[in-house]
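run-v5.pdb follows (PDB, C-alpha atoms, pLDDT in the B column):
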```pdb
MODEL        1
ATOM      1  CA  MET A   1       2.318 -19.364  13.535  1.00 54.00           C
ATOM      2  CA  PHE A   2       0.688 -21.155  10.595  1.00 61.00           C
ATOM      3  CA  GLU A   3       2.812 -23.687   8.733  1.00 67.00           C
ATOM      4  CA  LEU A   4       3.481 -22.953   5.079  1.00 67.00           C
ATOM      5  CA  PRO A   5       2.432 -25.466   2.384  1.00 65.00           C
ATOM      6  CA  PRO A   6       5.105 -26.876   0.036  1.00 65.00           C
ATOM      7  CA  GLU A   7       4.287 -24.410  -2.772  1.00 64.00           C
ATOM      8  CA  PHE A   8       5.123 -21.512  -0.444  1.00 69.00           C
ATOM      9  CA  GLN A   9       8.355 -22.963   0.927  1.00 79.00           C
ATOM     10  CA  LEU A  10      10.655 -20.207  -0.300  1.00 84.00           C
ATOM     11  CA  SER A  11      14.407 -19.983  -0.569  1.00 88.00           C
ATOM     12  CA  THR A  12      16.279 -17.562   1.658  1.00 91.00           C
ATOM     13  CA  THR A  13      16.748 -15.222  -1.310  1.00 93.00           C
ATOM     14  CA  SER A  14      13.032 -15.258  -2.097  1.00 93.00           C
ATOM     15  CA  TRP A  15      12.173 -14.491   1.538  1.00 95.00           C
ATOM     16  CA  LEU A  16      14.592 -11.577   1.511  1.00 96.00           C
ATOM     17  CA  PHE A  17      12.934 -10.184  -1.614  1.00 95.00           C
ATOM     18  CA  ALA A  18       9.478 -10.670  -0.080  1.00 95.00           C
ATOM     19  CA  MET A  19      10.626  -8.838   3.051  1.00 96.00           C
ATOM     20  CA  LEU A  20      11.995  -6.025   0.890  1.00 96.00           C
ATOM     21  CA  ALA A  21       8.607  -5.745  -0.827  1.00 95.00           C
ATOM     22  CA  ALA A  22       6.824  -5.606   2.549  1.00 97.00           C
ATOM     23  CA  PHE A  23       9.229  -2.907   3.714  1.00 97.00           C
ATOM     24  CA  LEU A  24       8.547  -0.895   0.540  1.00 94.00           C
ATOM     25  CA  ILE A  25       4.782  -1.246   1.044  1.00 95.00           C
ATOM     26  CA  GLY A  26       5.251   0.373   4.450  1.00 95.00           C
ATOM     27  CA  LEU A  27       7.348   3.153   2.940  1.00 91.00           C
ATOM     28  CA  SER A  28       4.811   3.776   0.203  1.00 88.00           C
ATOM     29  CA  LYS A  29       1.802   3.933   2.510  1.00 92.00           C
ATOM     30  CA  ALA A  30       3.683   6.315   4.799  1.00 91.00           C
ATOM     31  CA  GLY A  31       3.681   8.795   1.935  1.00 83.00           C
ATOM     32  CA  LEU A  32       6.570   7.963  -0.397  1.00 80.00           C
ATOM     33  CA  LYS A  33       4.400   7.784  -3.498  1.00 72.00           C
ATOM     34  CA  GLY A  34       5.993   6.360  -6.623  1.00 67.00           C
ATOM     35  CA  ILE A  35       7.678   3.314  -5.117  1.00 78.00           C
ATOM     36  CA  ALA A  36       4.573   1.131  -4.844  1.00 77.00           C
ATOM     37  CA  VAL A  37       5.147  -0.340  -8.303  1.00 78.00           C
ATOM     38  CA  VAL A  38       8.487  -1.738  -7.106  1.00 84.00           C
ATOM     39  CA  ASN A  39       6.924  -3.987  -4.474  1.00 87.00           C
ATOM     40  CA  VAL A  40       4.347  -5.210  -7.010  1.00 86.00           C
ATOM     41  CA  THR A  41       7.204  -6.164  -9.302  1.00 86.00           C
ATOM     42  CA  ILE A  42       9.153  -7.965  -6.572  1.00 91.00           C
ATOM     43  CA  LEU A  43       6.209 -10.007  -5.275  1.00 92.00           C
ATOM     44  CA  ALA A  44       5.151 -10.972  -8.803  1.00 89.00           C
ATOM     45  CA  ILE A  45       8.646 -12.319  -9.428  1.00 89.00           C
ATOM     46  CA  VAL A  46       8.679 -14.266  -6.136  1.00 91.00           C
ATOM     47  CA  PHE A  47       5.121 -15.667  -6.095  1.00 90.00           C
ATOM     48  CA  GLY A  48       3.828 -15.325  -9.662  1.00 86.00           C
ATOM     49  CA  GLY A  49       1.501 -12.706 -11.085  1.00 85.00           C
ATOM     50  CA  LYS A  50      -1.964 -13.654  -9.869  1.00 87.00           C
ATOM     51  CA  ALA A  51      -0.893 -15.291  -6.593  1.00 89.00           C
ATOM     52  CA  SER A  52       1.108 -12.208  -5.638  1.00 92.00           C
ATOM     53  CA  THR A  53      -2.015 -10.012  -5.762  1.00 92.00           C
ATOM     54  CA  GLY A  54      -3.653 -12.073  -3.015  1.00 93.00           C
ATOM     55  CA  ILE A  55      -0.525 -12.143  -0.888  1.00 94.00           C
ATOM     56  CA  MET A  56      -0.090  -8.399  -1.237  1.00 95.00           C
ATOM     57  CA  LEU A  57      -3.658  -7.309  -0.451  1.00 96.00           C
ATOM     58  CA  PRO A  58      -3.663  -8.064   3.321  1.00 96.00           C
ATOM     59  CA  LEU A  59      -0.306  -6.293   3.545  1.00 97.00           C
ATOM     60  CA  LEU A  60      -1.770  -3.261   1.793  1.00 95.00           C
ATOM     61  CA  ILE A  61      -4.787  -3.225   4.101  1.00 96.00           C
ATOM     62  CA  THR A  62      -2.523  -3.427   7.155  1.00 97.00           C
ATOM     63  CA  ALA A  63      -0.487  -0.484   5.877  1.00 96.00           C
ATOM     64  CA  ASP A  64      -3.691   1.369   4.940  1.00 95.00           C
ATOM     65  CA  ILE A  65      -4.878   1.078   8.553  1.00 96.00           C
ATOM     66  CA  CYS A  66      -1.603   2.607   9.755  1.00 96.00           C
ATOM     67  CA  ALA A  67      -1.886   5.403   7.181  1.00 94.00           C
ATOM     68  CA  VAL A  68      -5.497   6.381   7.916  1.00 94.00           C
ATOM     69  CA  ILE A  69      -4.749   6.457  11.643  1.00 94.00           C
ATOM     70  CA  TYR A  70      -1.715   8.694  11.158  1.00 93.00           C
ATOM     71  CA  TYR A  71      -3.179  10.961   8.435  1.00 88.00           C
ATOM     72  CA  LYS A  72      -6.841  10.783   9.520  1.00 82.00           C
ATOM     73  CA  ARG A  73      -7.264  14.574   9.679  1.00 81.00           C
ATOM     74  CA  ASP A  74      -5.804  15.278   6.257  1.00 83.00           C
ATOM     75  CA  ALA A  75      -8.278  13.568   3.896  1.00 86.00           C
ATOM     76  CA  GLN A  76     -10.251  15.653   1.386  1.00 88.00           C
ATOM     77  CA  TRP A  77     -13.484  13.682   1.260  1.00 91.00           C
ATOM     78  CA  LEU A  78     -15.119  15.607  -1.603  1.00 88.00           C
ATOM     79  CA  LEU A  79     -12.220  14.740  -3.918  1.00 86.00           C
ATOM     80  CA  LEU A  80     -12.169  11.164  -2.671  1.00 89.00           C
ATOM     81  CA  LEU A  81     -15.875  10.754  -3.426  1.00 90.00           C
ATOM     82  CA  LYS A  82     -15.326  12.010  -6.982  1.00 88.00           C
ATOM     83  CA  LEU A  83     -12.954   9.150  -7.688  1.00 91.00           C
ATOM     84  CA  LEU A  84     -14.317   6.316  -5.511  1.00 93.00           C
ATOM     85  CA  PRO A  85     -17.480   5.311  -7.463  1.00 94.00           C
ATOM     86  CA  TRP A  86     -15.524   5.055 -10.699  1.00 94.00           C
ATOM     87  CA  MET A  87     -12.817   3.013  -8.993  1.00 94.00           C
ATOM     88  CA  ILE A  88     -15.408   0.547  -7.691  1.00 94.00           C
ATOM     89  CA  ILE A  89     -16.716   0.052 -11.240  1.00 95.00           C
ATOM     90  CA  GLY A  90     -13.120  -0.474 -12.404  1.00 92.00           C
ATOM     91  CA  VAL A  91     -12.568  -3.065  -9.658  1.00 94.00           C
ATOM     92  CA  LEU A  92     -15.653  -5.019 -10.781  1.00 94.00           C
ATOM     93  CA  LEU A  93     -14.404  -4.985 -14.381  1.00 91.00           C
ATOM     94  CA  GLY A  94     -11.014  -6.232 -13.194  1.00 89.00           C
ATOM     95  CA  VAL A  95     -12.617  -9.054 -11.173  1.00 91.00           C
ATOM     96  CA  PHE A  96     -14.290 -10.593 -14.202  1.00 88.00           C
ATOM     97  CA  VAL A  97     -11.536  -9.891 -16.711  1.00 86.00           C
ATOM     98  CA  GLY A  98      -8.823 -11.322 -14.462  1.00 83.00           C
ATOM     99  CA  LYS A  99     -10.703 -14.342 -13.060  1.00 80.00           C
ATOM    100  CA  ASP A 100      -9.905 -16.834 -15.828  1.00 79.00           C
ATOM    101  CA  LEU A 101      -6.824 -15.273 -17.374  1.00 78.00           C
ATOM    102  CA  PRO A 102      -3.930 -17.737 -17.825  1.00 82.00           C
ATOM    103  CA  GLU A 103      -0.927 -17.001 -15.604  1.00 74.00           C
ATOM    104  CA  THR A 104       1.314 -16.054 -18.542  1.00 81.00           C
ATOM    105  CA  ILE A 105      -1.169 -13.500 -19.894  1.00 84.00           C
ATOM    106  CA  PHE A 106      -1.857 -12.229 -16.368  1.00 79.00           C
ATOM    107  CA  LYS A 107       1.842 -11.619 -15.673  1.00 76.00           C
ATOM    108  CA  ARG A 108       2.445  -9.985 -19.032  1.00 80.00           C
ATOM    109  CA  GLY A 109      -0.590  -7.793 -18.513  1.00 81.00           C
ATOM    110  CA  MET A 110       0.850  -6.740 -15.155  1.00 75.00           C
ATOM    111  CA  ALA A 111       4.163  -5.948 -16.845  1.00 78.00           C
ATOM    112  CA  VAL A 112       2.445  -3.781 -19.468  1.00 81.00           C
ATOM    113  CA  ILE A 113       0.515  -1.908 -16.756  1.00 79.00           C
ATOM    114  CA  ILE A 114       3.769  -1.360 -14.845  1.00 74.00           C
ATOM    115  CA  PHE A 115       5.426   0.059 -17.966  1.00 78.00           C
ATOM    116  CA  ILE A 116       2.467   2.398 -18.510  1.00 79.00           C
ATOM    117  CA  SER A 117       2.613   3.466 -14.863  1.00 74.00           C
ATOM    118  CA  VAL A 118       6.321   4.195 -15.120  1.00 74.00           C
ATOM    119  CA  VAL A 119       5.850   6.260 -18.282  1.00 78.00           C
ATOM    120  CA  MET A 120       3.006   8.229 -16.687  1.00 74.00           C
ATOM    121  CA  MET A 121       4.979   8.980 -13.523  1.00 69.00           C
ATOM    122  CA  TYR A 122       8.077   9.935 -15.523  1.00 73.00           C
ATOM    123  CA  ALA A 123       6.049  12.211 -17.795  1.00 74.00           C
ATOM    124  CA  TRP A 124       4.502  14.014 -14.834  1.00 67.00           C
ATOM    125  CA  ASP A 125       7.894  14.432 -13.216  1.00 65.00           C
ATOM    126  CA  ARG A 126       9.182  16.014 -16.424  1.00 70.00           C
ATOM    127  CA  GLN A 127       6.165  18.294 -16.950  1.00 65.00           C
ATOM    128  CA  LYS A 128       5.329  19.587 -13.500  1.00 59.00           C
ATOM    129  CA  SER A 129       3.545  22.613 -14.918  1.00 56.00           C
ATOM    130  CA  ALA A 130       1.337  20.656 -17.322  1.00 57.00           C
ATOM    131  CA  LYS A 131      -2.357  21.341 -16.976  1.00 61.00           C
ATOM    132  CA  VAL A 132      -4.661  18.422 -16.300  1.00 59.00           C
ATOM    133  CA  PRO A 133      -8.436  18.392 -16.958  1.00 64.00           C
ATOM    134  CA  THR A 134     -10.503  18.643 -13.792  1.00 62.00           C
ATOM    135  CA  GLN A 135     -13.947  17.899 -15.273  1.00 71.00           C
ATOM    136  CA  TRP A 136     -16.064  14.903 -14.171  1.00 74.00           C
ATOM    137  CA  TRP A 137     -14.990  12.799 -17.154  1.00 82.00           C
ATOM    138  CA  PHE A 138     -11.353  13.091 -16.087  1.00 80.00           C
ATOM    139  CA  ALA A 139     -12.211  11.648 -12.668  1.00 85.00           C
ATOM    140  CA  GLY A 140     -14.176   8.935 -14.476  1.00 90.00           C
ATOM    141  CA  ILE A 141     -11.284   7.899 -16.712  1.00 85.00           C
ATOM    142  CA  MET A 142      -8.724   7.975 -13.907  1.00 83.00           C
ATOM    143  CA  GLY A 143     -11.077   6.164 -11.527  1.00 89.00           C
ATOM    144  CA  LEU A 144     -11.932   3.384 -13.975  1.00 90.00           C
ATOM    145  CA  ALA A 145      -8.257   2.903 -14.851  1.00 85.00           C
ATOM    146  CA  ALA A 146      -7.224   2.964 -11.188  1.00 85.00           C
ATOM    147  CA  GLY A 147      -9.936   0.497 -10.155  1.00 89.00           C
ATOM    148  CA  PHE A 148      -9.178  -1.927 -12.983  1.00 89.00           C
ATOM    149  CA  THR A 149      -5.428  -1.855 -12.443  1.00 83.00           C
ATOM    150  CA  THR A 150      -5.679  -2.129  -8.654  1.00 85.00           C
ATOM    151  CA  MET A 151      -7.702  -5.334  -9.046  1.00 89.00           C
ATOM    152  CA  ILE A 152      -5.494  -6.823 -11.757  1.00 83.00           C
ATOM    153  CA  GLY A 153      -2.193  -6.041 -10.088  1.00 77.00           C
ATOM    154  CA  ASN A 154      -2.476  -3.555  -7.177  1.00 76.00           C
ATOM    155  CA  LEU A 155      -1.185  -0.943  -9.614  1.00 74.00           C
ATOM    156  CA  ALA A 156      -3.574   1.992  -9.280  1.00 71.00           C
ATOM    157  CA  GLY A 157      -1.041   4.445  -7.857  1.00 70.00           C
ATOM    158  CA  ALA A 158      -0.043   6.157 -11.097  1.00 68.00           C
ATOM    159  CA  PHE A 159      -3.630   6.911 -12.107  1.00 75.00           C
ATOM    160  CA  SER A 160      -4.789   8.140  -8.703  1.00 78.00           C
ATOM    161  CA  ASN A 161      -1.592  10.180  -8.349  1.00 72.00           C
ATOM    162  CA  VAL A 162      -2.295  11.956 -11.650  1.00 72.00           C
ATOM    163  CA  PHE A 163      -5.812  12.801 -10.449  1.00 79.00           C
ATOM    164  CA  PHE A 164      -4.656  14.147  -7.088  1.00 76.00           C
ATOM    165  CA  LEU A 165      -1.820  16.072  -8.729  1.00 69.00           C
ATOM    166  CA  ALA A 166      -4.415  17.750 -10.915  1.00 70.00           C
ATOM    167  CA  MET A 167      -6.247  18.835  -7.780  1.00 75.00           C
ATOM    168  CA  ARG A 168      -3.062  20.554  -6.528  1.00 72.00           C
ATOM    169  CA  LEU A 169      -3.288  18.942  -3.092  1.00 77.00           C
ATOM    170  CA  PRO A 170      -0.623  19.783  -0.481  1.00 78.00           C
ATOM    171  CA  LYS A 171       1.585  16.868   0.558  1.00 77.00           C
ATOM    172  CA  THR A 172      -0.216  15.770   3.722  1.00 82.00           C
ATOM    173  CA  GLU A 173      -3.678  16.122   2.138  1.00 86.00           C
ATOM    174  CA  PHE A 174      -2.462  14.156  -0.884  1.00 82.00           C
ATOM    175  CA  ILE A 175      -1.243  11.345   1.386  1.00 84.00           C
ATOM    176  CA  GLY A 176      -4.277  11.392   3.671  1.00 89.00           C
ATOM    177  CA  THR A 177      -6.833  11.377   0.850  1.00 91.00           C
ATOM    178  CA  ALA A 178      -5.028   8.566  -0.978  1.00 87.00           C
ATOM    179  CA  ALA A 179      -4.785   6.589   2.276  1.00 90.00           C
ATOM    180  CA  TRP A 180      -8.544   6.608   2.840  1.00 93.00           C
ATOM    181  CA  LEU A 181      -9.277   5.954  -0.840  1.00 92.00           C
ATOM    182  CA  PHE A 182      -7.156   2.804  -0.998  1.00 91.00           C
ATOM    183  CA  PHE A 183      -8.234   1.599   2.431  1.00 95.00           C
ATOM    184  CA  ILE A 184     -11.853   1.578   1.237  1.00 94.00           C
ATOM    185  CA  VAL A 185     -11.068   0.102  -2.191  1.00 93.00           C
ATOM    186  CA  ASN A 186      -8.797  -2.609  -0.797  1.00 94.00           C
ATOM    187  CA  LEU A 187     -11.496  -3.700   1.647  1.00 96.00           C
ATOM    188  CA  ILE A 188     -13.918  -3.937  -1.292  1.00 94.00           C
ATOM    189  CA  LYS A 189     -11.419  -6.059  -3.229  1.00 94.00           C
ATOM    190  CA  ALA A 190     -10.811  -8.567  -0.430  1.00 95.00           C
ATOM    191  CA  PRO A 191     -13.995 -10.692  -0.824  1.00 95.00           C
ATOM    192  CA  PHE A 192     -13.303 -11.127  -4.552  1.00 94.00           C
ATOM    193  CA  HIS A 193      -9.782 -12.378  -3.819  1.00 93.00           C
ATOM    194  CA  ILE A 194     -11.139 -14.831  -1.232  1.00 94.00           C
ATOM    195  CA  TRP A 195     -14.228 -16.232  -2.980  1.00 93.00           C
ATOM    196  CA  VAL A 196     -13.844 -15.473  -6.700  1.00 92.00           C
ATOM    197  CA  TRP A 197     -10.133 -15.618  -7.471  1.00 91.00           C
ATOM    198  CA  ASP A 198      -9.131 -17.887  -4.534  1.00 91.00           C
ATOM    199  CA  THR A 199      -5.911 -15.921  -4.100  1.00 92.00           C
ATOM    200  CA  ILE A 200      -6.338 -15.289  -0.345  1.00 94.00           C
ATOM    201  CA  SER A 201      -6.366 -18.307   1.973  1.00 92.00           C
ATOM    202  CA  MET A 202      -5.014 -19.390   5.333  1.00 91.00           C
ATOM    203  CA  ASP A 203      -1.825 -20.388   3.503  1.00 89.00           C
ATOM    204  CA  THR A 204      -1.273 -16.931   2.039  1.00 93.00           C
ATOM    205  CA  PHE A 205      -2.240 -15.403   5.383  1.00 92.00           C
ATOM    206  CA  ALA A 206       0.592 -17.374   6.963  1.00 91.00           C
ATOM    207  CA  ILE A 207       2.982 -15.535   4.642  1.00 93.00           C
ATOM    208  CA  ASN A 208       1.382 -12.214   5.574  1.00 95.00           C
ATOM    209  CA  LEU A 209       1.950 -12.868   9.293  1.00 94.00           C
ATOM    210  CA  ARG A 210       5.663 -13.322   8.635  1.00 93.00           C
ATOM    211  CA  LEU A 211       5.915 -10.116   6.591  1.00 96.00           C
ATOM    212  CA  ILE A 212       3.767  -7.683   8.609  1.00 97.00           C
ATOM    213  CA  PRO A 213       6.514  -6.871  11.170  1.00 97.00           C
ATOM    214  CA  VAL A 214       8.811  -5.802   8.316  1.00 97.00           C
ATOM    215  CA  LEU A 215       5.976  -3.755   6.831  1.00 97.00           C
ATOM    216  CA  LEU A 216       5.503  -1.884  10.118  1.00 97.00           C
ATOM    217  CA  VAL A 217       9.206  -1.091  10.240  1.00 97.00           C
ATOM    218  CA  GLY A 218       8.914   0.253   6.687  1.00 96.00           C
ATOM    219  CA  PHE A 219       5.950   2.421   7.630  1.00 97.00           C
ATOM    220  CA  VAL A 220       7.709   3.994  10.615  1.00 96.00           C
ATOM    221  CA  THR A 221      10.818   4.520   8.496  1.00 95.00           C
ATOM    222  CA  GLY A 222       8.702   6.102   5.770  1.00 91.00           C
ATOM    223  CA  LEU A 223       7.167   8.609   8.185  1.00 92.00           C
ATOM    224  CA  TRP A 224      10.657   9.742   9.163  1.00 92.00           C
ATOM    225  CA  VAL A 225      11.820   9.946   5.531  1.00 86.00           C
ATOM    226  CA  VAL A 226       8.748  11.958   4.475  1.00 81.00           C
ATOM    227  CA  ARG A 227       9.660  14.567   7.061  1.00 81.00           C
ATOM    228  CA  GLN A 228      13.296  14.714   5.925  1.00 80.00           C
ATOM    229  CA  ILE A 229      13.445  14.686   2.132  1.00 70.00           C
ATOM    230  CA  GLN A 230      11.366  15.314  -0.958  1.00 66.00           C
ATOM    231  CA  GLU A 231      10.346  12.592  -3.349  1.00 58.00           C
ATOM    232  CA  ARG A 232      12.035  14.026  -6.428  1.00 62.00           C
ATOM    233  CA  HIS A 233      15.539  13.094  -5.192  1.00 65.00           C
ATOM    234  CA  TYR A 234      15.047   9.373  -5.657  1.00 61.00           C
ATOM    235  CA  ARG A 235      12.122   8.974  -8.074  1.00 62.00           C
ATOM    236  CA  GLN A 236      14.236   8.551 -11.205  1.00 67.00           C
ATOM    237  CA  LEU A 237      16.180   5.628  -9.732  1.00 64.00           C
ATOM    238  CA  ILE A 238      12.931   3.996  -8.600  1.00 66.00           C
ATOM    239  CA  LEU A 239      11.383   4.372 -12.051  1.00 68.00           C
ATOM    240  CA  ILE A 240      14.429   2.768 -13.692  1.00 74.00           C
ATOM    241  CA  LEU A 241      14.408  -0.188 -11.271  1.00 69.00           C
ATOM    242  CA  THR A 242      10.660  -0.584 -11.734  1.00 70.00           C
ATOM    243  CA  ALA A 243      10.954  -0.662 -15.513  1.00 74.00           C
ATOM    244  CA  LEU A 244      13.665  -3.321 -15.245  1.00 72.00           C
ATOM    245  CA  GLY A 245      11.446  -5.344 -12.910  1.00 69.00           C
ATOM    246  CA  ALA A 246       8.554  -5.141 -15.376  1.00 73.00           C
ATOM    247  CA  PHE A 247      10.891  -6.390 -18.107  1.00 74.00           C
ATOM    248  CA  VAL A 248      11.787  -9.392 -15.924  1.00 68.00           C
ATOM    249  CA  ILE A 249       8.112 -10.173 -15.190  1.00 69.00           C
ATOM    250  CA  PHE A 250       7.218  -9.967 -18.879  1.00 74.00           C
ATOM    251  CA  PHE A 251       9.852 -12.461 -20.038  1.00 71.00           C
ATOM    252  CA  ARG A 252      10.157 -14.666 -16.904  1.00 61.00           C
TER     253      ARG A 252
ENDMDL
END
```
Write-out of the structure in structure tokens:
Amino acid sequence: MFELPPEFQLSTTSWLFAMLAAFLIGLSKAGLKGIAVVNVTILAIVFGGKASTGIMLPLLITADICAVIYYKRDAQWLLLLKLLPWMIIGVLLGVFVGKDLPETIFKRGMAVIIFISVVMMYAWDRQKSAKVPTQWWFAGIMGLAAGFTTMIGNLAGAFSNVFFLAMRLPKTEFIGTAAWLFFIVNLIKAPFHIWVWDTISMDTFAINLRLIPVLLVGFVTGLWVVRQIQERHYRQLILILTALGAFVIFFR
């Protein structure tokens, strides 16, 4: 296994938090939507804002592969194609906006996006019957926001979730469509992290190799949990913890 450089020599506590984030990535990609912001928060605290995005992306792609294999028959491609072009434009905007941002501004921007995501998810939990526009411009707004935020901080979940909620997708179709969407978008993001932002390297890949086994355990666990319980029983606690994590990132 690759040796880690001095800047990635983590304390035992930091490794435990990184493993927790990897486990939560697995849970999230298995279908437990709403907890993805927690792992973003944890990794940003451990590795820093911008560096954490490069460390997280290979983990997300690994989990995406697991998700598209498991939910391959459940994707709604027409809905996916409504959102995907706008997300790609949002990713390109995020590439150039985030390239030269100072670390402090980058982290605080991530924290603000996390707060917005938490508010959006909380609002939709509280107003389950609220009507959402389904016209093309709604897909455009959600896609641009999702693409921009997924490039800046892997934080597109709230925006894509709102779009898919508006489409009234059943649970498995919701998960399957989101799985394919983020698999494609994350593959598009990878070259920018490698050659533009320099946030993915052999050194960060060495960290990924140590965390992938935990991620796979999280994914298998998530599949079991999805079959057993509904998301609403634990979403409020997750939103509270996420908001606290964003507060820590903002002032750290």
Using Å and a single decimal, report how far CA of Gly49 (chain A) sits from CA of Met87 (chain A).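 Taking CA of Met87 (chain A) and CA of Gly49 (chain A), their separation equals 21.4 Å.
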Checklist entry - Could you work out how far CA of Val40 (chain A) lies from CA of Leu10 (chain A), giving the answer in Å with one decimal? => result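 CA of Val40 (chain A) lies 17.6 Å from CA of Leu10 (chain A).
Rounded to one decimal, CA of Phe183 (chain A) and CA of Leu144 (chain A) lie 16.9 Å from each other.
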Of A:Ala36, A:Leu169, A:Leu93, A:Ile61, the one sitting nearest Gln76 (chain A) when using all atoms listed in the file is A:Leu169
Residues returned when the PyMOL selection byres ((chain A and resi 60) around 10) runs on this file, as an mmCIF file with C-alpha atoms, in the coordinates of the input:
```
data_model
loop_
_atom_site.group_PDB
_atom_site.id
_atom_site.type_symbol
_atom_site.label_atom_id
_atom_site.label_comp_id
_atom_site.auth_asym_id
_atom_site.auth_seq_id
_atom_site.Cartn_x
_atom_site.Cartn_y
_atom_site.Cartn_z
ATOM 1 C CA ALA A 22 6.824 -5.606 2.549
ATOM 2 C CA ILE A 25 4.782 -1.246 1.044
ATOM 3 C CA GLY A 26 5.251 0.373 4.450
ATOM 4 C CA SER A 28 4.811 3.776 0.203
ATOM 5 C CA LYS A 29 1.802 3.933 2.510
ATOM 6 C CA ILE A 55 -0.525 -12.143 -0.888
ATOM 7 C CA MET A 56 -0.090 -8.399 -1.237
ATOM 8 C CA LEU A 57 -3.658 -7.309 -0.451
ATOM 9 C CA PRO A 58 -3.663 -8.064 3.321
ATOM 10 C CA LEU A 59 -0.306 -6.293 3.545
ATOM 11 C CA ILE A 61 -4.787 -3.225 4.101
ATOM 12 C CA THR A 62 -2.523 -3.427 7.155
ATOM 13 C CA ALA A 63 -0.487 -0.484 5.877
ATOM 14 C CA ASP A 64 -3.691 1.369 4.940
ATOM 15 C CA ILE A 65 -4.878 1.078 8.553
ATOM 16 C CA CYS A 66 -1.603 2.607 9.755
ATOM 17 C CA ASN A 154 -2.476 -3.555 -7.177
ATOM 18 C CA PHE A 182 -7.156 2.804 -0.998
ATOM 19 C CA PHE A 183 -8.234 1.599 2.431
ATOM 20 C CA ASN A 186 -8.797 -2.609 -0.797
ATOM 21 C CA LEU A 187 -11.496 -3.700 1.647
ATOM 22 C CA ILE A 212 3.767 -7.683 8.609
ATOM 23 C CA LEU A 215 5.976 -3.755 6.831
#
```
Name the residues in contact with Phe164 (chain A) at a cut-off of 10 Å, using only C-alpha atoms, excluding same-chain residues fewer than 4 positions from it; report them as a PyMOL selection string. chain A and resi 79-80+83+134+139+159-160+168-170+173-175+177-178
### Task
Taking the file as shown, find all residues satisfying the PyMOL selection byres ((chain A and resi 195-200) around 9) and write them as a count of residues only.
23
Return as AutoDock Vina command-line options the box centre and box size in Å, one decimal, for an axis-aligned box around all listed atoms of region 210-223 of chain A padded by 8 Å per side.
```
--center_x 7.3 --center_y -2.4 --center_z 8.5 --size_x 23.1 --size_y 37.9 --size_z 21.4
```
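Counting all atoms listed in the file, the residue from A:Met142, A:Ile188, A:Tyr71, A:Gln9 that sits nearest to Gly157 (chain A) is A:Met142.
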- prompt: What do you get, as an MDAnalysis selection string, if you spell out every residue that the PyMOL selection byres ((chain A and resi 14) around 12) selects here?
  reply: chainID A and resid 8:13 15:21 42:48
